[in-house]
$ cat start_37.cif   # mmCIF, C-alpha atoms
data_input
#
loop_
_atom_site.group_PDB
_atom_site.id
_atom_site.type_symbol
_atom_site.label_atom_id
_atom_site.label_comp_id
_atom_site.auth_asym_id
_atom_site.auth_seq_id
_atom_site.Cartn_x
_atom_site.Cartn_y
_atom_site.Cartn_z
ATOM 1 C CA MET A 1 -14.589 14.060 -3.519
ATOM 2 C CA ASN A 2 -15.599 13.605 0.111
ATOM 3 C CA GLY A 3 -13.636 12.015 2.950
ATOM 4 C CA ALA A 4 -15.226 8.598 2.532
ATOM 5 C CA GLU A 5 -14.336 8.512 -1.166
ATOM 6 C CA ILE A 6 -10.762 9.551 -0.444
ATOM 7 C CA MET A 7 -10.455 6.834 2.198
ATOM 8 C CA LYS A 8 -11.926 4.165 -0.093
ATOM 9 C CA ASN A 9 -9.605 5.115 -2.953
ATOM 10 C CA ALA A 10 -6.580 5.098 -0.653
ATOM 11 C CA MET A 11 -7.538 1.701 0.762
ATOM 12 C CA ASP A 12 -7.987 0.287 -2.738
ATOM 13 C CA ASP A 13 -4.604 1.701 -3.779
ATOM 14 C CA PHE A 14 -3.015 0.314 -0.594
ATOM 15 C CA LYS A 15 -4.322 -3.172 -1.385
ATOM 16 C CA ASP A 16 -3.071 -2.966 -4.974
ATOM 17 C CA ILE A 17 0.378 -1.689 -3.980
ATOM 18 C CA GLN A 18 0.798 -4.554 -1.513
ATOM 19 C CA GLU A 19 -0.035 -7.080 -4.239
ATOM 20 C CA TYR A 20 2.490 -5.496 -6.622
ATOM 21 C CA MET A 21 5.125 -5.428 -3.858
ATOM 22 C CA GLU A 22 4.687 -9.163 -3.289
ATOM 23 C CA ILE A 23 5.123 -9.832 -7.016
ATOM 24 C CA ALA A 24 8.210 -7.593 -7.198
ATOM 25 C CA ARG A 25 9.692 -9.338 -4.153
ATOM 26 C CA GLU A 26 9.105 -12.800 -5.676
ATOM 27 C CA GLU A 27 10.668 -11.691 -8.970
ATOM 28 C CA HIS A 28 13.643 -10.091 -7.188
ATOM 29 C CA ALA A 29 12.864 -6.769 -8.860
ATOM 30 C CA ALA A 30 14.627 -4.529 -6.351
ATOM 31 C CA LYS A 31 14.135 -1.235 -8.201
ATOM 32 C CA THR A 32 10.447 -1.893 -8.729
ATOM 33 C CA TYR A 33 10.024 -2.955 -5.107
ATOM 34 C CA ALA A 34 11.765 0.198 -3.874
ATOM 35 C CA LYS A 35 9.484 2.421 -5.967
ATOM 36 C CA LEU A 36 6.388 0.586 -4.764
ATOM 37 C CA LYS A 37 7.594 0.815 -1.173
ATOM 38 C CA LYS A 38 7.661 4.620 -1.402
ATOM 39 C CA LYS A 39 4.039 4.623 -2.557
ATOM 40 C CA TYR A 40 3.155 2.051 0.112
ATOM 41 C CA LEU A 41 4.637 4.203 2.878
ATOM 42 C CA TYR A 42 2.827 7.293 1.574
ATOM 43 C CA LEU A 43 -0.505 5.471 1.514
ATOM 44 C CA LYS A 44 0.151 3.944 4.927
ATOM 45 C CA ALA A 45 0.779 7.400 6.393
ATOM 46 C CA LEU A 46 -2.345 8.783 4.716
ATOM 47 C CA LEU A 47 -4.567 5.982 5.942
ATOM 48 C CA THR A 48 -3.148 6.221 9.448
ATOM 49 C CA SER A 49 -3.832 9.962 9.502
ATOM 50 C CA LEU A 50 -7.417 9.229 8.404
ATOM 51 C CA GLY A 51 -7.808 6.894 11.387
ATOM 52 C CA VAL A 52 -7.773 3.590 9.482
ATOM 53 C CA ASN A 53 -6.618 0.642 11.584
ATOM 54 C CA LEU A 54 -4.090 -1.102 9.347
ATOM 55 C CA ALA A 55 -3.605 -4.117 11.614
ATOM 56 C CA ASP A 56 -5.827 -6.375 9.529
ATOM 57 C CA ILE A 57 -5.135 -5.019 6.039
ATOM 58 C CA ASP A 58 -1.371 -4.460 6.097
ATOM 59 C CA ASP A 59 0.188 -7.619 4.688
ATOM 60 C CA ILE A 60 3.658 -6.117 4.155
ATOM 61 C CA LYS A 61 4.090 -4.613 7.663
ATOM 62 C CA GLU A 62 7.154 -2.485 6.860
#

$ encode --input "start_37.cif" --output "structure tokens"
Amino acid sequence: MNGAEIMKNAMDDFKDIQEYMEIAREEHAAKTYAKLKKKYLYLKALLTSLGVNLADIDDIKE
């Protein structure tokens, strides 16, 4: 897997995690939200280290 594939997969995962976090927040599923937040923060750190500007794609902004 090359760098572009890694970045694309991480961005896809980041988008999915944000959608699941919104659902968990609406359903007041605190444990689920907390678990998703850990994954969200990991992906956010990875994407930032890869030079991805998250300003436009980060809907959660935590």

$ residues_around --input "start_37.cif" --residues "range 17-24 of chain A" --least-positions-apart "4" --cutoff "7 Å" --atoms "all atoms listed in the file" --output "ChimeraX atom specification"
/A:13,28-29,32-33,36,40,59-60

$ write_last_selection --input "start_37.cif" --atoms "C-alpha atoms" --output "PDB file, in the coordinates of the input"
ATOM      1  CA  ASP A  13      -4.604   1.701  -3.779  1.00  0.00           C
ATOM      2  CA  HIS A  28      13.643 -10.091  -7.188  1.00  0.00           C
ATOM      3  CA  ALA A  29      12.864  -6.769  -8.860  1.00  0.00           C
ATOM      4  CA  THR A  32      10.447  -1.893  -8.729  1.00  0.00           C
ATOM      5  CA  TYR A  33      10.024  -2.955  -5.107  1.00  0.00           C
ATOM      6  CA  LEU A  36       6.388   0.586  -4.764  1.00  0.00           C
ATOM      7  CA  TYR A  40       3.155   2.051   0.112  1.00  0.00           C
ATOM      8  CA  ASP A  59       0.188  -7.619   4.688  1.00  0.00           C
ATOM      9  CA  ILE A  60       3.658  -6.117   4.155  1.00  0.00           C
TER      10      ILE A  60
END

$ atom_distance --input "start_37.cif" --atom1 "CA of Ala34 in chain A" --atom2 "CA of Ile57 in chain A"
20.3 Å

$ atom_distance --input "start_37.cif" --atom1 "CA of Leu41 in chain A" --atom2 "CA of Glu62 in chain A"
8.2 Å

$ closest_residue --input "start_37.cif" --among "A:Met7, A:Asp12, A:Asn2, A:Ala30" --to "Thr48 in chain A" --atoms "all atoms listed in the file"
A:Met7

$ closest_residue --input "start_37.cif" --among "A:Lys44, A:Lys61, A:Arg25, A:Lys37" --to "Met11 in chain A" --atoms "all atoms listed in the file"
A:Lys44
